[in-house]
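What follows is a single structure, written as structure tokens, with notes after it.
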Amino acid sequence: MNISEKVVKETAELAQLVFSDEDLSVISGSMSEILALVEQMQEVNTSTVIPMSHPLDATQWLRPDEVTESSHREEFQKLAPEARDGVYLVPRVVD
Amino acid sequence: MHNCSIVQQLKDLKTGKYSAVELTSHYLERIKKLAPLNCYITVLENKALEAAKNADEDRAGGRDSALLSGIPIAHKDIFCTRGVRTTAGSLMLDNFTSPYESTVVEKLRSAGAITIGKTNMDEFAMGSSNENSYFGAVRNPWDQSRVPGGSSGGSAAAVAAGLCSAATGTDTGGSIRQPSAHCGITGFKPTYGRISRWGMIAFASSLDQAGPMTRTAEDAALLLGIMAGRDKRDSTSLTDPVPDYSASLNQSLSTLRIGLCEEFFREGLDSRSEKVIMNAVRVFEDMGVRITSVSLPNIKYSVPAYYVLASAEASANLSRYDGVRFGYRCDNPVNLEDLYKRSRSQGFGNEVKRRIMVGTFALSTGYYDAYYRKAQQIRRLISNDFKNAFEQVDILLGPATPQPAFKLGEKTDDQVSMYLQDIYTIGGNLAGLPAMSIPSGFADQLPVGLQLIGDHLDESRLLATAHQFQQQTDWHLRSPELETGE
């Protein structure tokens with residue numbers, strides 16, 4: 001499958017990535033190559049095969065609905081690029 | 001002392017041949033002298049020496065009951081270490097000091113191990129050569145013009161070069177076994193879920209699994225016993241009891257059946273590596289093991305299925321890096337969208353961005369069934385192939401890699417050829433099976449790794465098979481010649 005620069009741009013938007021014009025052609029080339037490799041899967045008839053999402057087909061175990069974690073807000077916010085008065089700062093969203 | 005197994009080092013510490021401080025100082029000295037190998041991102045000199053001093057004091061005071069007391073271990077920089085920088089080999093986390101400890105690190109530390117440092121790796125564990133690290137490539141101690149393999153390349157090279165007693169790694173598509181093969185060490189990937197993933201920076205959650213990287217299978221058994229077990233903080237960790245792996249290393253293998261994976265010995269396998277592997281097969285034959293041939297008819301689709309599933313899961317897991325709460329943030333963002341996009345585009349390297357793009361595409365509207373669902377169906381077919389094989393044999397055998405370590409830069413422009421480096425290892429991840437690479441000989445002075453794959457939760461038999469092979473051979477005792485002026 002050939003991935004056009006248009007599809008790269010649309011996918012980049014979904015992934016919240018941005019590429020320069022030069023990089024667009026590089027990434028469309030490498031995505032096309034990887035998808036050509038991936039295309040080999042289409043040789044196999046899988047119409048009756050149940051998809052496998054967990055290697056042991058295990059199901060999630062549940063725990064009682066109890067609070068087990070305490071708040072580490074201050075400790076965590078020390079890691080933030082910008083935080084003040086208990087909130088994370090980002091550029092203004094609403095004027 | 002740097003090339004002794006952990007089991008030997010524990011004996012030496014007990015008899016007073018050397019102290020934990022001497023052992024740790026010796027490794028720290030070697031790490032400095034062999035800095036060009038670039039095995040470590042962070043070396044914890046002071047903390048390690050302090051821990052070693054405590055271990056010696058405990059031993060002197062008769063309080064040395066901890067299993068690994070005084071043994072310096074390196075952790076792949078994907079394991080969160082409280083109060084210590086944890087980068088995942090990425091600019092994105094270059095400034096990240098973890099506020100909590102991963103279960104793996106916590107368990108090893110509680111068992112008395114000393115954390116000597118954090119090892120270099122391919123960025124977010126994506127790579128097979130360790131050339132994708134923001135902190136530069138790691139060099140193979142056997143030939144410094146060659147790659148150590150990846151993504152746990154720093155851990156593998158550090159063990160091989162005698163820069164720690166053992167190391168931890170993670171294996172999503174072969175990232176423990178492939179570098180272990182290239183560096184001539186023992187690398188063990190347990191059953192999916194055997195070891196908790198808590199605090200292990202996520203790449204592809206349905207495939208990621210931690211494991212020990214050691215000099216011997218005996219050391220791997222010792223570490224696995226400490227690392228394994230249910231963890232309430234990882235709901236995918238298995239609840240099955242953890243057996244005493246060390247105690248069963250000498251179990252009788254008189255009824256063992258080993259199957260050679262036919263598909264692993266076809267076109268694509270280097271003839272020098274094949275010769276080494278077949279010599280190892282003869283060792284098993286001499287041990288009285290029955291060898292047959294088995295087929296995994298769908299295994300050729302493992303690489304395509306893997307690159308869809310792993311990339312899709314990575315694209316979801318890596319969406320958390322947005323420049324807001326932690327990690328890299330771009331300069332002077334003009335609005336929120338600009339903040340997200342530029343932080344991610346500058347903070348991630350090329351291979352990570354490529355996989356996020358492939359994964360996002362495979363999950364996007366109109367393509368989900370053709371790619372993601374199809375890959376999950378292929379995954380089941382591959383898993384069924386292994387199930388059928390394990391009805392005929394107990395352990396599968398094959399090479400770990402298509403050829404010995406390649407040159408730095410040799411494959412960086414050909415990503416498909418790089419992806420095919422994991423052709424023999426990915427099946428074990430898709431099916432969630434325990435698998436390992438052990439040293440089995442040399443091809444042109446480069447180590448060749450023998451891969452053994454077991455059935456789900458059959459770690460004991462796998463380790464016993466590797467251990468008894470190591471009793472018959474001395475490949476695991478060989479070390480690269482390195483100039484340190486000692």
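Chain labels A, B, ... are given in the sequence in which chains occur in the structure tokens; within each chain residues are numbered consecutively from 1, and ligands are likewise numbered from 1 in the order shown.
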
Pull the helix (DSSP H, G or I) assignments for chain A out of DSSP run on the backbone, and list those residues as a PyMOL selection string.
chain A and resi 5-15+21-43+73-77

Give the residues of chain A that lie within 9 Å of chain B; count only C-alpha atoms, and format the answer as a ChimeraX atom specification.
/A:7-8,11-19,27,30-31,33-35,37-42,44,46-56,58-63,75-83,88-93

Name the residues of range 267-313 of chain B that come out as strand (DSSP E) in a backbone DSSP run; write them as a PDB file with N, CA and C atoms, in the first residue's frame.
```pdb
ATOM      1  N   ARG B 290      15.757 -36.480  23.172  1.00  0.00           N
ATOM      2  CA  ARG B 290      15.210 -36.849  21.863  1.00  0.00           C
ATOM      3  C   ARG B 290      14.941 -35.601  21.040  1.00  0.00           C
ATOM      4  N   ILE B 291      15.490 -35.576  19.831  1.00  0.00           N
ATOM      5  CA  ILE B 291      15.345 -34.401  18.968  1.00  0.00           C
ATOM      6  C   ILE B 291      14.444 -34.761  17.790  1.00  0.00           C
ATOM      7  N   THR B 292      13.424 -33.960  17.572  1.00  0.00           N
ATOM      8  CA  THR B 292      12.594 -34.155  16.387  1.00  0.00           C
ATOM      9  C   THR B 292      12.433 -32.811  15.691  1.00  0.00           C
ATOM     10  N   SER B 293      11.682 -32.826  14.628  1.00  0.00           N
ATOM     11  CA  SER B 293      11.455 -31.603  13.876  1.00  0.00           C
ATOM     12  C   SER B 293       9.982 -31.229  14.006  1.00  0.00           C
ATOM     13  N   VAL B 294       9.706 -29.952  14.192  1.00  0.00           N
ATOM     14  CA  VAL B 294       8.303 -29.518  14.246  1.00  0.00           C
ATOM     15  C   VAL B 294       8.104 -28.325  13.323  1.00  0.00           C
TER      16      VAL B 294
END
```

Please provide the set of residues having any atom within 12 Å of Gln8 in chain B, restricted to only C-alpha atoms, with same-chain residues fewer than 6 positions apart removed, written as a VMD selection string.
chain B and resid 1 to 2 14 to 15 17 to 18 68 71 165 215 to 216 218 to 219

Keeping only C-alpha atoms, write the selected residues as an mmCIF file, in the first residue's frame.
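Writing done, so here's again-v8.cif:
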```cif
data_model
loop_
_atom_site.group_PDB
_atom_site.id
_atom_site.type_symbol
_atom_site.label_atom_id
_atom_site.label_comp_id
_atom_site.auth_asym_id
_atom_site.auth_seq_id
_atom_site.Cartn_x
_atom_site.Cartn_y
_atom_site.Cartn_z
ATOM 1 C CA MET B 1 35.711 -11.278 40.173
ATOM 2 C CA HIS B 2 33.778 -9.294 37.534
ATOM 3 C CA LYS B 14 30.282 -15.193 52.357
ATOM 4 C CA THR B 15 33.814 -16.559 52.697
ATOM 5 C CA LYS B 17 37.277 -13.451 49.540
ATOM 6 C CA TYR B 18 36.144 -9.910 48.772
ATOM 7 C CA LEU B 68 21.244 -11.189 46.792
ATOM 8 C CA ILE B 71 25.280 -8.095 44.425
ATOM 9 C CA SER B 165 26.827 -8.964 38.133
ATOM 10 C CA ARG B 215 26.031 -15.034 32.831
ATOM 11 C CA THR B 216 24.413 -18.390 33.594
ATOM 12 C CA GLU B 218 21.574 -20.746 37.277
ATOM 13 C CA ASP B 219 21.750 -16.983 37.906
#
```

Write out as a PyMOL selection string the residues lying within 8 Å of Glu459 in chain B, counting only C-alpha atoms and excluding same-chain residues fewer than 6 positions away.
chain B and resi 190-191+245+434

At what distance in Å, to one decimal, does CA of Ala464 in chain B lie from CA of Ser252 in chain B?
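Distance between the two atoms: 8.7 Å.
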
Quick one: everything within 10 Å of Gln144 in chain B, counting only C-alpha atoms, minus sequence neighbours fewer than 2 positions away in the same chain. Send it as a PyMOL selection string.
chain B and resi 36-37+138-142+146-148+407-408+482

Restricting the calculation to only C-alpha atoms: of B:Pro402, B:Gly211, B:Gly441, B:Gly89, which residue gets closest to Val283 in chain B?
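Once distances to Val283 in chain B are computed over only C-alpha atoms, the minimum belongs to B:Gly441.
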
Which residues are near Pro399 in chain B? Cut-off 6 Å, only C-alpha atoms, ignore same chain within fewer than 2 positions. Put them as a ChimeraX atom specification.
/B:401,450-451

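CA of Glu57 in chain B is found 9.9 Å from CA of Ser19 in chain B.
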
I'd like the neighbourhood of Val242 in chain B as a ChimeraX atom specification, where a residue qualifies if any of its atoms comes within 10 Å (using only C-alpha atoms), though same-chain residues fewer than 6 positions away should be ignored.
/B:194,224-230,457,459-460

Computed interatomic separation between CA of Ser295 in chain B and CA of Glu262 in chain B (Å)
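Pair CA of Ser295 in chain B / CA of Glu262 in chain B returns 5.4 Å.
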